[in-house]
file coords_36.cif (mmCIF, C-alpha atoms and all ligand atoms)
data_input
loop_
_atom_site.label_atom_id
_atom_site.label_comp_id
_atom_site.auth_asym_id
_atom_site.auth_seq_id
_atom_site.Cartn_x
_atom_site.Cartn_y
_atom_site.Cartn_z
CA MET F 1 71.17 30.54 114.18
CA GLU F 2 69.93 32.14 110.95
CA LYS F 3 66.37 31.64 112.01
CA ASP F 4 67.14 33.61 115.17
CA ILE F 5 68.11 36.64 113.15
CA THR F 6 64.92 36.38 111.10
CA ASP F 7 62.82 36.14 114.25
CA LYS F 8 64.62 39.09 115.76
CA ILE F 9 64.09 41.24 112.69
CA LEU F 10 60.45 40.21 112.41
CA ASN F 11 60.06 41.20 116.02
CA GLY F 12 61.43 44.64 115.32
CA ASP F 13 64.99 44.25 116.56
CA VAL F 14 66.61 47.23 114.87
CA ARG F 15 70.15 46.25 115.83
CA ALA F 16 69.77 42.80 114.27
CA ALA F 17 68.46 44.44 111.11
CA ALA F 18 71.32 46.94 111.03
CA ARG F 19 73.84 44.13 111.52
CA LEU F 20 72.41 42.14 108.64
CA MET F 21 72.48 45.23 106.42
CA ARG F 22 76.13 45.69 107.24
CA GLY F 23 76.73 42.04 106.34
CA ILE F 24 74.99 42.61 103.02
CA GLU F 25 77.11 45.67 102.31
CA ASP F 26 80.30 43.81 103.23
CA ASN F 27 79.18 40.91 101.06
CA LEU F 28 79.52 38.37 103.86
CA PRO F 29 78.47 34.80 102.97
CA GLN F 30 76.69 34.64 106.31
CA ALA F 31 74.39 37.45 105.22
CA VAL F 32 73.22 35.33 102.29
CA GLU F 33 72.41 32.50 104.67
CA GLU F 34 70.39 34.82 106.81
CA LEU F 35 68.57 36.26 103.82
CA ARG F 36 67.43 32.79 102.78
CA HIS F 37 65.17 32.60 105.82
CA LEU F 38 64.23 36.23 105.80
CA TYR F 39 63.11 36.23 102.18
CA MET F 40 60.10 34.06 102.93
CA HIS F 41 58.72 36.82 105.14
CA THR F 42 58.99 39.59 102.57
CA GLY F 43 56.92 40.87 99.67
CA LYS F 44 54.51 43.03 101.64
CA ALA F 45 56.08 46.46 101.27
CA TYR F 46 55.42 48.91 98.48
CA ILE F 47 58.60 50.08 96.76
CA ILE F 48 59.05 53.58 95.42
CA GLY F 49 62.08 54.34 93.28
CA ILE F 50 63.42 57.89 93.25
CA THR F 51 65.88 58.49 90.48
CA GLY F 52 67.52 61.38 88.67
CA ALA F 53 70.83 63.13 88.20
CA PRO F 54 72.95 64.11 91.22
CA GLY F 55 71.82 67.36 92.81
CA VAL F 56 68.26 67.48 91.47
CA GLY F 57 66.92 67.08 94.99
CA LYS F 58 66.18 63.35 95.37
CA SER F 59 67.22 63.20 99.03
CA THR F 60 65.37 66.41 99.87
CA LEU F 61 62.29 65.00 98.17
CA ALA F 62 62.61 61.66 99.97
CA ASP F 63 62.86 63.51 103.24
CA ALA F 64 59.73 65.54 102.53
CA LEU F 65 57.87 62.43 101.37
CA ILE F 66 58.74 60.66 104.63
CA THR F 67 57.04 63.45 106.58
CA SER F 68 53.96 63.25 104.42
CA PHE F 69 53.72 59.44 104.47
CA ARG F 70 54.21 59.43 108.24
CA LYS F 71 51.17 61.69 108.62
CA ARG F 72 49.25 58.89 106.94
CA LYS F 73 50.71 56.42 109.46
CA PHE F 74 52.82 54.49 106.96
CA LYS F 75 56.00 52.95 108.29
CA ILE F 76 58.91 53.98 106.10
CA GLY F 77 62.21 52.51 105.02
CA VAL F 78 64.70 54.31 102.79
CA VAL F 79 67.71 52.96 100.93
CA ALA F 80 69.88 55.68 99.44
CA VAL F 81 72.26 54.29 96.85
CA ASP F 82 74.80 56.98 96.31
CA PRO F 83 78.13 57.28 94.51
CA THR F 84 79.35 59.06 97.60
CA SER F 85 78.57 57.89 101.06
CA PRO F 86 75.83 60.34 101.94
CA PHE F 87 75.20 59.62 105.60
CA THR F 88 78.69 59.43 106.93
CA GLY F 89 80.82 61.39 104.53
CA GLY F 90 77.99 63.54 103.37
CA ALA F 91 79.61 66.93 103.24
CA LEU F 92 78.67 67.08 99.59
CA LEU F 93 75.07 66.08 99.91
CA GLY F 94 74.25 66.71 103.51
CA ASP F 95 71.77 63.84 103.61
CA ARG F 96 72.56 62.98 107.16
CA ILE F 97 71.56 66.38 108.41
CA ARG F 98 68.38 66.52 106.43
CA MET F 99 67.09 63.04 107.05
CA GLY F 100 68.33 63.35 110.60
CA LYS F 101 65.07 64.94 111.54
CA HIS F 102 63.45 61.52 111.39
CA ALA F 103 66.15 60.02 113.56
CA THR F 104 63.93 59.77 116.63
CA ASP F 105 61.01 58.23 114.76
CA LYS F 106 61.16 54.47 115.30
CA ASP F 107 58.93 53.90 112.28
CA VAL F 108 61.47 55.42 109.92
CA PHE F 109 64.65 53.54 109.03
CA ILE F 110 67.13 55.06 106.62
CA ARG F 111 70.11 53.21 105.23
CA SER F 112 72.68 54.39 102.74
CA LEU F 113 74.57 52.10 100.46
CA ALA F 114 77.75 53.45 98.95
CA SER F 115 77.84 52.43 95.34
CA ARG F 116 81.57 52.91 95.10
CA GLY F 117 83.51 49.69 94.87
CA TRP F 118 80.60 47.58 93.78
CA ALA F 119 81.78 46.14 90.51
CA GLY F 120 78.55 44.27 90.17
CA GLY F 121 75.72 43.16 92.31
CA LEU F 122 74.59 46.60 93.35
CA ALA F 123 71.02 45.74 92.45
CA ARG F 124 71.38 42.57 94.50
CA ALA F 125 72.64 44.43 97.54
CA THR F 126 69.94 47.08 97.17
CA LEU F 127 67.18 44.49 96.94
CA SER F 128 68.62 42.60 99.89
CA ILE F 129 68.44 45.71 102.04
CA VAL F 130 64.91 46.32 100.78
CA HIS F 131 64.05 42.79 101.96
CA VAL F 132 65.37 43.52 105.42
CA LEU F 133 63.28 46.71 105.61
CA ASP F 134 60.29 44.76 104.32
CA ALA F 135 60.74 42.09 107.00
CA MET F 136 60.99 44.86 109.59
CA GLY F 137 57.42 45.72 108.68
CA LYS F 138 57.93 48.88 106.68
CA ASP F 139 54.89 49.63 104.53
CA ILE F 140 56.68 51.85 102.06
CA ILE F 141 60.30 51.57 101.04
CA MET F 142 61.91 54.34 99.04
CA VAL F 143 65.02 53.62 97.04
CA GLU F 144 66.98 56.69 96.05
CA ALA F 145 69.47 56.08 93.26
CA VAL F 146 71.30 58.17 90.71
CA GLY F 147 69.92 57.28 87.34
CA SER F 148 71.36 59.16 84.46
CA GLY F 149 74.13 57.04 83.12
CA GLN F 150 75.43 53.51 83.04
CA GLY F 151 76.27 51.18 85.83
CA GLU F 152 73.68 52.41 88.28
CA VAL F 153 70.77 50.49 89.60
CA ASP F 154 67.96 50.59 87.11
CA ILE F 155 65.45 51.48 89.75
CA SER F 156 62.39 51.09 87.59
CA ARG F 157 63.02 47.34 87.48
CA VAL F 158 62.95 47.18 91.25
CA ALA F 159 60.23 49.69 92.10
CA ASP F 160 56.47 49.53 92.04
CA THR F 161 56.29 53.26 91.39
CA THR F 162 59.20 55.11 89.82
CA LEU F 163 59.65 58.84 90.39
CA VAL F 164 62.01 60.55 88.00
CA VAL F 165 63.25 63.81 89.47
CA LEU F 166 64.38 66.61 87.18
CA SER F 167 65.30 70.18 87.93
CA PRO F 168 65.68 73.23 85.73
CA GLY F 169 69.09 74.18 84.51
CA MET F 170 70.66 70.78 84.82
CA GLY F 171 71.27 70.74 81.09
CA ASP F 172 70.99 67.00 80.85
CA GLU F 173 67.24 66.57 80.90
CA ILE F 174 66.97 65.65 77.28
CA GLN F 175 69.86 63.27 77.57
CA MET F 176 68.17 61.47 80.42
CA MET F 177 65.14 60.99 78.31
CA LYS F 178 67.18 59.53 75.53
CA ALA F 179 68.57 57.09 78.07
CA GLY F 180 65.17 55.52 78.36
CA ILE F 181 64.18 57.34 81.51
CA LEU F 182 61.04 58.52 79.80
CA GLU F 183 59.70 54.99 79.65
CA ALA F 184 60.87 54.20 83.15
CA ALA F 185 58.97 57.02 84.86
CA ASP F 186 55.51 56.67 86.35
CA ILE F 187 55.71 60.14 87.80
CA PHE F 188 57.96 63.05 86.89
CA VAL F 189 58.79 65.47 89.65
CA ILE F 190 60.13 68.74 88.32
CA ASN F 191 61.86 69.88 91.47
CA LYS F 192 63.26 73.34 92.29
CA ALA F 193 60.16 74.91 90.80
CA ASP F 194 61.23 78.10 92.55
CA LYS F 195 63.90 78.36 89.89
CA GLU F 196 63.72 79.79 86.42
CA GLY F 197 62.83 77.29 83.72
CA ALA F 198 60.75 74.82 85.73
CA GLU F 199 57.52 75.56 83.86
CA SER F 200 59.15 75.22 80.48
CA LEU F 201 60.81 71.97 81.55
CA LYS F 202 57.38 70.67 82.55
CA ILE F 203 55.99 71.56 79.14
CA GLN F 204 58.98 69.96 77.47
CA VAL F 205 58.47 66.70 79.37
CA GLU F 206 54.75 66.70 78.63
CA GLN F 207 55.45 67.21 74.97
CA MET F 208 57.85 64.30 74.93
CA LEU F 209 55.27 62.15 76.69
CA GLY F 210 52.81 63.18 74.00
CA ILE F 211 55.01 61.59 71.37
CA ILE F 212 54.81 58.18 72.99
CA PRO F 213 51.71 56.38 71.81
CA GLN F 214 49.34 56.14 74.76
CA ASN F 215 47.22 53.13 75.33
CA LYS F 216 44.05 54.10 77.17
CA ASP F 217 44.51 51.23 79.59
CA LYS F 218 48.05 52.25 80.30
CA TRP F 219 49.14 54.57 83.06
CA LYS F 220 49.95 57.98 81.65
CA PRO F 221 52.93 59.48 83.49
CA ILE F 222 52.04 62.54 85.54
CA VAL F 223 54.29 65.59 85.68
CA ILE F 224 54.37 67.45 89.00
CA LEU F 225 56.03 70.75 89.87
CA ALA F 226 57.63 70.66 93.32
CA GLN F 227 59.85 72.52 95.72
CA ALA F 228 61.08 69.76 97.95
CA VAL F 229 63.00 72.18 100.09
CA ASN F 230 59.79 74.10 100.92
CA GLY F 231 57.45 71.13 101.01
CA LYS F 232 55.57 72.31 97.94
CA GLY F 233 54.12 69.70 95.60
CA ILE F 234 54.76 66.98 98.15
CA GLU F 235 51.11 66.23 98.94
CA GLU F 236 50.38 66.03 95.23
CA THR F 237 53.29 63.65 94.78
CA VAL F 238 52.11 61.40 97.61
CA GLU F 239 48.55 61.41 96.27
CA THR F 240 49.79 60.54 92.81
CA VAL F 241 51.95 57.70 94.12
CA LEU F 242 48.94 56.27 95.94
CA GLU F 243 46.83 56.69 92.82
CA HIS F 244 49.45 54.84 90.79
CA LYS F 245 49.47 52.09 93.39
CA ARG F 246 45.67 51.72 93.07
CA TYR F 247 46.06 51.63 89.30
CA LEU F 248 48.70 48.86 89.47
CA ILE F 249 46.49 46.77 91.70
CA SER F 250 43.23 47.26 89.82
CA SER F 251 44.84 46.64 86.43
CA GLY F 252 46.77 43.61 87.65
CA GLN F 253 49.99 45.26 86.48
CA ILE F 254 51.52 44.89 89.89
CA LYS F 255 51.99 41.18 89.20
CA HIS F 256 54.03 41.96 86.09
CA ARG F 257 56.21 44.42 87.96
CA ARG F 258 56.83 41.96 90.74
CA SER F 259 57.67 39.07 88.47
CA GLU F 260 60.08 41.35 86.61
CA ARG F 261 61.69 42.12 89.96
CA ALA F 262 61.84 38.42 90.82
CA ARG F 263 63.46 37.71 87.48
CA LEU F 264 66.09 40.39 88.04
CA GLU F 265 66.79 39.02 91.46
CA LEU F 266 67.17 35.48 90.21
CA VAL F 267 69.56 36.55 87.46
CA GLU F 268 71.58 38.50 90.01
CA ALA F 269 71.69 35.51 92.35
CA ILE F 270 72.89 33.24 89.56
CA GLU F 271 75.56 35.72 88.54
CA HIS F 272 76.67 36.04 92.12
CA SER F 273 76.98 32.27 92.54
CA LEU F 274 78.91 32.00 89.30
CA ARG F 275 81.26 34.77 90.36
CA LEU F 276 81.97 32.98 93.62
CA HIS F 277 82.53 29.82 91.65
CA VAL F 278 85.01 31.56 89.35
CA ASN F 279 86.93 32.83 92.36
CA GLU F 280 87.24 29.26 93.61
CA ILE F 281 88.40 27.94 90.26
CA ILE F 282 91.16 30.47 89.73
CA ASP F 283 92.75 29.40 92.97
CA ASP F 284 93.57 25.85 92.04
CA ASP F 285 96.63 24.12 90.53
CA ASN F 286 95.01 23.09 87.31
CA PHE F 287 94.20 26.70 86.63
CA GLN F 288 97.87 27.58 87.07
CA ASN F 289 98.89 24.86 84.62
CA LEU F 290 96.40 26.05 82.07
CA THR F 291 97.61 29.61 82.45
CA THR F 292 101.15 28.49 81.71
CA ALA F 293 99.98 26.45 78.71
CA LEU F 294 98.05 29.45 77.48
CA ALA F 295 101.04 31.77 77.76
CA GLN F 296 103.10 29.26 75.75
CA ARG F 297 100.37 29.06 73.11
CA LYS F 298 99.85 25.37 73.74
CA ILE F 299 96.16 25.97 74.11
CA ASP F 300 93.74 28.74 73.19
CA PRO F 301 91.77 30.57 75.92
CA TYR F 302 88.40 29.28 74.71
CA SER F 303 89.36 25.64 74.90
CA ALA F 304 91.06 26.27 78.22
CA ALA F 305 87.92 27.87 79.62
CA GLU F 306 85.84 24.95 78.37
CA GLN F 307 88.19 22.51 80.06
CA VAL F 308 87.95 24.35 83.35
CA LEU F 309 84.17 24.56 83.20
CA ASN F 310 83.79 20.92 82.24
CA ARG F 311 85.94 19.92 85.12
CA THR F 312 84.29 22.09 87.74
CA ILE F 313 80.69 23.04 87.13
CA ILE F 314 79.77 19.76 85.46
CA ALA F 315 81.66 17.76 88.02
CA LYS F 316 79.62 19.45 90.71
CA LYS F 317 76.30 18.82 89.02
CA PRO F 318 74.32 16.21 90.95
CA ARG F 319 74.18 13.05 88.88
CA LYS F 320 70.95 11.52 87.85
CA SER F 321 71.02 7.76 88.08
CA GLY F 322 72.21 6.01 84.96
CA LYS F 323 73.09 9.25 83.23
CA LYS F 324 76.57 10.43 82.39
CA ASN F 325 77.28 13.87 83.73
CA GLN F 326 78.37 15.48 80.50
CA ASP F 327 74.97 16.76 79.50
CA ILE F 328 75.00 20.24 80.98
N1 LIG V 401 66.13 76.00 95.15
C1 LIG V 401 65.85 74.77 95.52
N2 LIG V 401 66.83 73.94 95.95
C2 LIG V 401 66.50 72.70 96.32
C3 LIG V 401 65.18 72.20 96.26
N3 LIG V 401 65.19 70.92 96.67
C4 LIG V 401 66.46 70.61 96.97
N4 LIG V 401 67.27 71.68 96.77
C5 LIG V 401 68.71 71.78 97.00
O1 LIG V 401 69.43 71.07 96.01
C6 LIG V 401 70.64 70.54 96.55
C7 LIG V 401 70.77 69.06 96.23
O2 LIG V 401 69.72 68.36 96.89
P1 LIG V 401 69.81 66.79 97.21
O3 LIG V 401 68.49 66.43 97.80
O4 LIG V 401 71.02 66.47 97.98
O5 LIG V 401 69.95 66.20 95.74
P2 LIG V 401 70.24 64.69 95.27
O6 LIG V 401 71.67 64.62 94.91
O7 LIG V 401 69.38 64.50 94.07
O8 LIG V 401 69.86 63.78 96.39
C8 LIG V 401 70.59 70.83 98.04
O9 LIG V 401 71.38 71.95 98.31
C9 LIG V 401 69.13 71.13 98.30
O10 LIG V 401 68.93 71.98 99.39
C10 LIG V 401 64.14 73.10 95.81
O11 LIG V 401 62.96 72.78 95.73
N5 LIG V 401 64.54 74.36 95.44
MG MG V 402 70.94 62.24 97.46
#

call {"tool": "encode", "arguments": {"input": "coords_36.cif", "output": "structure tokens", "more": "lines below"}}
Ligand SMILES: Nc1nc2c(ncn2[C@@H]2O[C@H](COP(=O)(O)OP(=O)(O)O)[C@@H](O)[C@H]2O)c(=O)[nH]1
Ligand SMILES: [Mg+2]
result
Amino acid sequence: MEKDITDKILNGDVRAAARLMRGIEDNLPQAVEELRHLYMHTGKAYIIGITGAPGVGKSTLADALITSFRKRKFKIGVVAVDPTSPFTGGALLGDRIRMGKHATDKDVFIRSLASRGWAGGLARATLSIVHVLDAMGKDIIMVEAVGSGQGEVDISRVADTTLVVLSPGMGDEIQMMKAGILEAADIFVINKADKEGAESLKIQVEQMLGIIPQNKDKWKPIVILAQAVNGKGIEETVETVLEHKRYLISSGQIKHRRSERARLELVEAIEHSLRLHVNEIIDDDNFQNLTTALAQRKIDPYSAAEQVLNRTIIAKKPRKSGKKNQDI
């Protein structure tokens, strides 16, 4: 059954892929089963992260980059992680209209993922959708995500190349840099260069980059002026992304990036399993009894938690022969 879905997706069945993505978004256990098989067929795509504050022009840039990458015959996937739901309720952002121009191109697949309501596991869901796009045979996958505060996907941990998009007059540029975005960026795109202040923002970013000690073997972030809405600076951005890709491969850095991604994914998978496990535990009778005991101060919460964990996780651990099962 699960293998069927994998075969279908590998064979380019767009509806099967869309269905699995919906399952991922709805957090269906079945989707996890399907991803188990699918995962083994992934790892070929190149992932580009596009991050920055809302309104700087990430979606417009992604749209322009699609056009440019398509001219080079790359197959493209896009995941837009947005606090709003950009493609369906996108009055605010209008992503649907803009990216809609690729709607008839079968080698472009765009998926939005509403970040609202995801207490945790957003990185997991994002990566899962990336895997589906990867299995579909997309060469380049762009992940657009807001990246100025807490709780968002830290895209630089997922991406091979991270674009940080800034625009003049946002007022929060410096703050973003304090938030570690400076280290996360491989390429800065100063978008809305048609507006006042773009040049000085570029200088400001370059000055800040100058403060960071540069290792001659290390990639030095490039700062590009762009007008996504007019297609300006897009070719330069694409060329720079491809140059960064060549750098990652020739320096061997790509292996580090990918093992960092694998690590993140494993941690997320463990956390997910534990969360499911916790949900199971809090349903049972013993949990109720402990809650009552706790409320009556017959036990403290730490000992109660230990009791529950000893009884469940350890009890479920497969026993090795001759060994007691208390050695977790
Ligand atoms: N003046 C100007 N506006 C732009 C440019 N690029 C995008 N915009 C506009 O900025 C607004 C926000 O763009 P959007 O791509 O939705 O930003 P996102 O929230 O970062 O994805 C839209 O109204 C765009 O048309 C640009 O180069 N110059
Ligand atoms: Mg957007």

call {"tool": "closest_residue", "arguments": {"input": "coords_36.cif", "among": "F:Asn191, F:Thr6, F:Thr126, F:Gln30", "to": "ligand LIG 401 (chain V)", "atoms": "all atoms listed in the file"}}
result
F:Asn191

call {"tool": "closest_residue", "arguments": {"input": "coords_36.cif", "among": "F:Asn286, F:Gln214, F:Thr42, F:Gln253", "to": "Met136 in chain F", "atoms": "all atoms listed in the file"}}
result
F:Thr42

call {"tool": "closest_residue", "arguments": {"input": "coords_36.cif", "among": "F:Ser303, F:Ser167, F:Thr104, F:Thr161", "to": "ligand LIG 401 (chain V)", "atoms": "only C-alpha atoms and all ligand atoms"}}
result
F:Ser167

call {"tool": "closest_residue", "arguments": {"input": "coords_36.cif", "among": "F:Lys44, F:Arg261, F:Lys58, F:Lys232", "to": "Ala145 in chain F", "atoms": "only C-alpha atoms"}}
result
F:Lys58

call {"tool": "residues_around", "arguments": {"input": "coords_36.cif", "residues": "Val81 in chain F", "least_positions_apart": "4", "cutoff": "7 Å", "atoms": "all atoms listed in the file", "output": "count of residues only"}}
result
6

call {"tool": "residues_near_point", "arguments": {"input": "coords_36.cif", "point": "(77.2, 47.5, 107.9)", "cutoff": "12 Å", "atoms": "all atoms listed in the file", "output": "number ranges by chain"}}
result
F: 15-28, 31, 111-114, 125, 129

call {"tool": "closest_atom_pairs", "arguments": {"input": "coords_36.cif", "of": "chain F", "to": "ligand LIG 401 (chain V)", "cutoff": "6 Å", "atoms": "only C-alpha atoms and all ligand atoms", "output": "tab-separated table"}}
result
residue	atom	partner	partner_atom	distance
F:Pro54	CA	V:LIG401	O6	3.9
F:Gly55	CA	V:LIG401	O6	3.5
F:Val56	CA	V:LIG401	O7	4.1
F:Gly57	CA	V:LIG401	O5	3.2
F:Lys58	CA	V:LIG401	O7	3.6
F:Ser59	CA	V:LIG401	O3	3.7
F:Thr60	CA	V:LIG401	O3	3.7
F:Leu93	CA	V:LIG401	O4	4.5
F:Asn191	CA	V:LIG401	O11	5.3
F:Lys192	CA	V:LIG401	O11	3.5
F:Asp194	CA	V:LIG401	N5	5.8
F:Gln227	CA	V:LIG401	O11	3.1
F:Ala228	CA	V:LIG401	O11	4.2
F:Val229	CA	V:LIG401	N3	4.3

call {"tool": "write_last_selection", "arguments": {"input": "coords_36.cif", "atoms": "C-alpha atoms", "output": "PDB file, keeping the file's coordinate frame"}}
result
ATOM      1  CA  PRO F  54      72.950  64.110  91.220  1.00  0.00           C
ATOM      2  CA  GLY F  55      71.820  67.360  92.810  1.00  0.00           C
ATOM      3  CA  VAL F  56      68.260  67.480  91.470  1.00  0.00           C
ATOM      4  CA  GLY F  57      66.920  67.080  94.990  1.00  0.00           C
ATOM      5  CA  LYS F  58      66.180  63.350  95.370  1.00  0.00           C
ATOM      6  CA  SER F  59      67.220  63.200  99.030  1.00  0.00           C
ATOM      7  CA  THR F  60      65.370  66.410  99.870  1.00  0.00           C
ATOM      8  CA  LEU F  93      75.070  66.080  99.910  1.00  0.00           C
ATOM      9  CA  ASN F 191      61.860  69.880  91.470  1.00  0.00           C
ATOM     10  CA  LYS F 192      63.260  73.340  92.290  1.00  0.00           C
ATOM     11  CA  ASP F 194      61.230  78.100  92.550  1.00  0.00           C
ATOM     12  CA  GLN F 227      59.850  72.520  95.720  1.00  0.00           C
ATOM     13  CA  ALA F 228      61.080  69.760  97.950  1.00  0.00           C
ATOM     14  CA  VAL F 229      63.000  72.180 100.090  1.00  0.00           C
TER      15      VAL F 229
END

call {"tool": "closest_residue", "arguments": {"input": "coords_36.cif", "among": "F:Ala184, F:Ile50, F:Ile224, F:Ile234", "to": "ligand MG 402 (chain V)", "atoms": "only C-alpha atoms and all ligand atoms"}}
result
F:Ile50

call {"tool": "atom_distance", "arguments": {"input": "coords_36.cif", "atom1": "CA of Glu239 in chain F", "atom2": "CA of Val78 in chain F"}}
result
18.8 Å

call {"tool": "build_atoms", "arguments": {"input": "coords_36.cif", "residues": "range 129-148 of chain F", "atoms": "N, CA, C and O atoms", "output": "PDB file, in the coordinates of the input"}}
result
ATOM      1  N   ILE F 129      68.737  44.759 100.967  1.00  0.00           N
ATOM      2  CA  ILE F 129      68.440  45.710 102.040  1.00  0.00           C
ATOM      3  C   ILE F 129      66.946  46.043 102.050  1.00  0.00           C
ATOM      4  O   ILE F 129      66.333  46.148 103.109  1.00  0.00           O
ATOM      5  N   VAL F 130      66.367  46.132 100.864  1.00  0.00           N
ATOM      6  CA  VAL F 130      64.910  46.320 100.780  1.00  0.00           C
ATOM      7  C   VAL F 130      64.188  45.162 101.489  1.00  0.00           C
ATOM      8  O   VAL F 130      63.226  45.375 102.233  1.00  0.00           O
ATOM      9  N   HIS F 131      64.683  43.949 101.294  1.00  0.00           N
ATOM     10  CA  HIS F 131      64.050  42.790 101.960  1.00  0.00           C
ATOM     11  C   HIS F 131      64.104  42.914 103.478  1.00  0.00           C
ATOM     12  O   HIS F 131      63.155  42.555 104.169  1.00  0.00           O
ATOM     13  N   VAL F 132      65.246  43.379 103.963  1.00  0.00           N
ATOM     14  CA  VAL F 132      65.370  43.520 105.420  1.00  0.00           C
ATOM     15  C   VAL F 132      64.342  44.540 105.929  1.00  0.00           C
ATOM     16  O   VAL F 132      63.642  44.298 106.918  1.00  0.00           O
ATOM     17  N   LEU F 133      64.239  45.667 105.221  1.00  0.00           N
ATOM     18  CA  LEU F 133      63.280  46.710 105.610  1.00  0.00           C
ATOM     19  C   LEU F 133      61.842  46.166 105.540  1.00  0.00           C
ATOM     20  O   LEU F 133      61.006  46.449 106.396  1.00  0.00           O
ATOM     21  N   ASP F 134      61.590  45.385 104.524  1.00  0.00           N
ATOM     22  CA  ASP F 134      60.290  44.760 104.320  1.00  0.00           C
ATOM     23  C   ASP F 134      59.958  43.843 105.511  1.00  0.00           C
ATOM     24  O   ASP F 134      58.887  43.939 106.127  1.00  0.00           O
ATOM     25  N   ALA F 135      60.932  43.006 105.867  1.00  0.00           N
ATOM     26  CA  ALA F 135      60.740  42.090 107.000  1.00  0.00           C
ATOM     27  C   ALA F 135      60.556  42.854 108.312  1.00  0.00           C
ATOM     28  O   ALA F 135      59.879  42.382 109.228  1.00  0.00           O
ATOM     29  N   MET F 136      61.155  44.036 108.383  1.00  0.00           N
ATOM     30  CA  MET F 136      60.990  44.860 109.590  1.00  0.00           C
ATOM     31  C   MET F 136      59.575  45.418 109.700  1.00  0.00           C
ATOM     32  O   MET F 136      59.221  46.006 110.711  1.00  0.00           O
ATOM     33  N   GLY F 137      58.810  45.267 108.634  1.00  0.00           N
ATOM     34  CA  GLY F 137      57.420  45.720 108.680  1.00  0.00           C
ATOM     35  C   GLY F 137      57.181  47.097 108.093  1.00  0.00           C
ATOM     36  O   GLY F 137      56.137  47.702 108.336  1.00  0.00           O
ATOM     37  N   LYS F 138      58.145  47.578 107.306  1.00  0.00           N
ATOM     38  CA  LYS F 138      57.930  48.880 106.680  1.00  0.00           C
ATOM     39  C   LYS F 138      56.872  48.744 105.583  1.00  0.00           C
ATOM     40  O   LYS F 138      56.906  47.788 104.800  1.00  0.00           O
ATOM     41  N   ASP F 139      55.953  49.694 105.534  1.00  0.00           N
ATOM     42  CA  ASP F 139      54.890  49.630 104.530  1.00  0.00           C
ATOM     43  C   ASP F 139      55.362  50.164 103.192  1.00  0.00           C
ATOM     44  O   ASP F 139      54.988  49.661 102.136  1.00  0.00           O
ATOM     45  N   ILE F 140      56.173  51.212 103.276  1.00  0.00           N
ATOM     46  CA  ILE F 140      56.680  51.850 102.060  1.00  0.00           C
ATOM     47  C   ILE F 140      58.191  51.919 102.155  1.00  0.00           C
ATOM     48  O   ILE F 140      58.744  52.326 103.176  1.00  0.00           O
ATOM     49  N   ILE F 141      58.841  51.499 101.083  1.00  0.00           N
ATOM     50  CA  ILE F 141      60.300  51.570 101.040  1.00  0.00           C
ATOM     51  C   ILE F 141      60.693  52.423  99.845  1.00  0.00           C
ATOM     52  O   ILE F 141      60.308  52.130  98.710  1.00  0.00           O
ATOM     53  N   MET F 142      61.435  53.481 100.123  1.00  0.00           N
ATOM     54  CA  MET F 142      61.910  54.340  99.040  1.00  0.00           C
ATOM     55  C   MET F 142      63.359  53.988  98.726  1.00  0.00           C
ATOM     56  O   MET F 142      64.162  53.816  99.635  1.00  0.00           O
ATOM     57  N   VAL F 143      63.650  53.869  97.455  1.00  0.00           N
ATOM     58  CA  VAL F 143      65.020  53.620  97.040  1.00  0.00           C
ATOM     59  C   VAL F 143      65.487  54.819  96.228  1.00  0.00           C
ATOM     60  O   VAL F 143      64.937  55.094  95.156  1.00  0.00           O
ATOM     61  N   GLU F 144      66.439  55.541  96.772  1.00  0.00           N
ATOM     62  CA  GLU F 144      66.980  56.690  96.050  1.00  0.00           C
ATOM     63  C   GLU F 144      68.238  56.250  95.314  1.00  0.00           C
ATOM     64  O   GLU F 144      69.147  55.688  95.920  1.00  0.00           O
ATOM     65  N   ALA F 145      68.282  56.469  94.011  1.00  0.00           N
ATOM     66  CA  ALA F 145      69.470  56.080  93.260  1.00  0.00           C
ATOM     67  C   ALA F 145      69.691  57.029  92.095  1.00  0.00           C
ATOM     68  O   ALA F 145      68.747  57.459  91.438  1.00  0.00           O
ATOM     69  N   VAL F 146      70.943  57.355  91.865  1.00  0.00           N
ATOM     70  CA  VAL F 146      71.300  58.170  90.710  1.00  0.00           C
ATOM     71  C   VAL F 146      70.934  57.387  89.461  1.00  0.00           C
ATOM     72  O   VAL F 146      71.140  56.184  89.392  1.00  0.00           O
ATOM     73  N   GLY F 147      70.362  58.061  88.502  1.00  0.00           N
ATOM     74  CA  GLY F 147      69.920  57.280  87.340  1.00  0.00           C
ATOM     75  C   GLY F 147      70.053  58.007  86.031  1.00  0.00           C
ATOM     76  O   GLY F 147      69.083  58.193  85.320  1.00  0.00           O
ATOM     77  N   SER F 148      71.245  58.445  85.731  1.00  0.00           N
ATOM     78  CA  SER F 148      71.360  59.160  84.460  1.00  0.00           C
ATOM     79  C   SER F 148      72.362  58.528  83.512  1.00  0.00           C
ATOM     80  O   SER F 148      72.424  58.879  82.355  1.00  0.00           O
TER      81      SER F 148
END
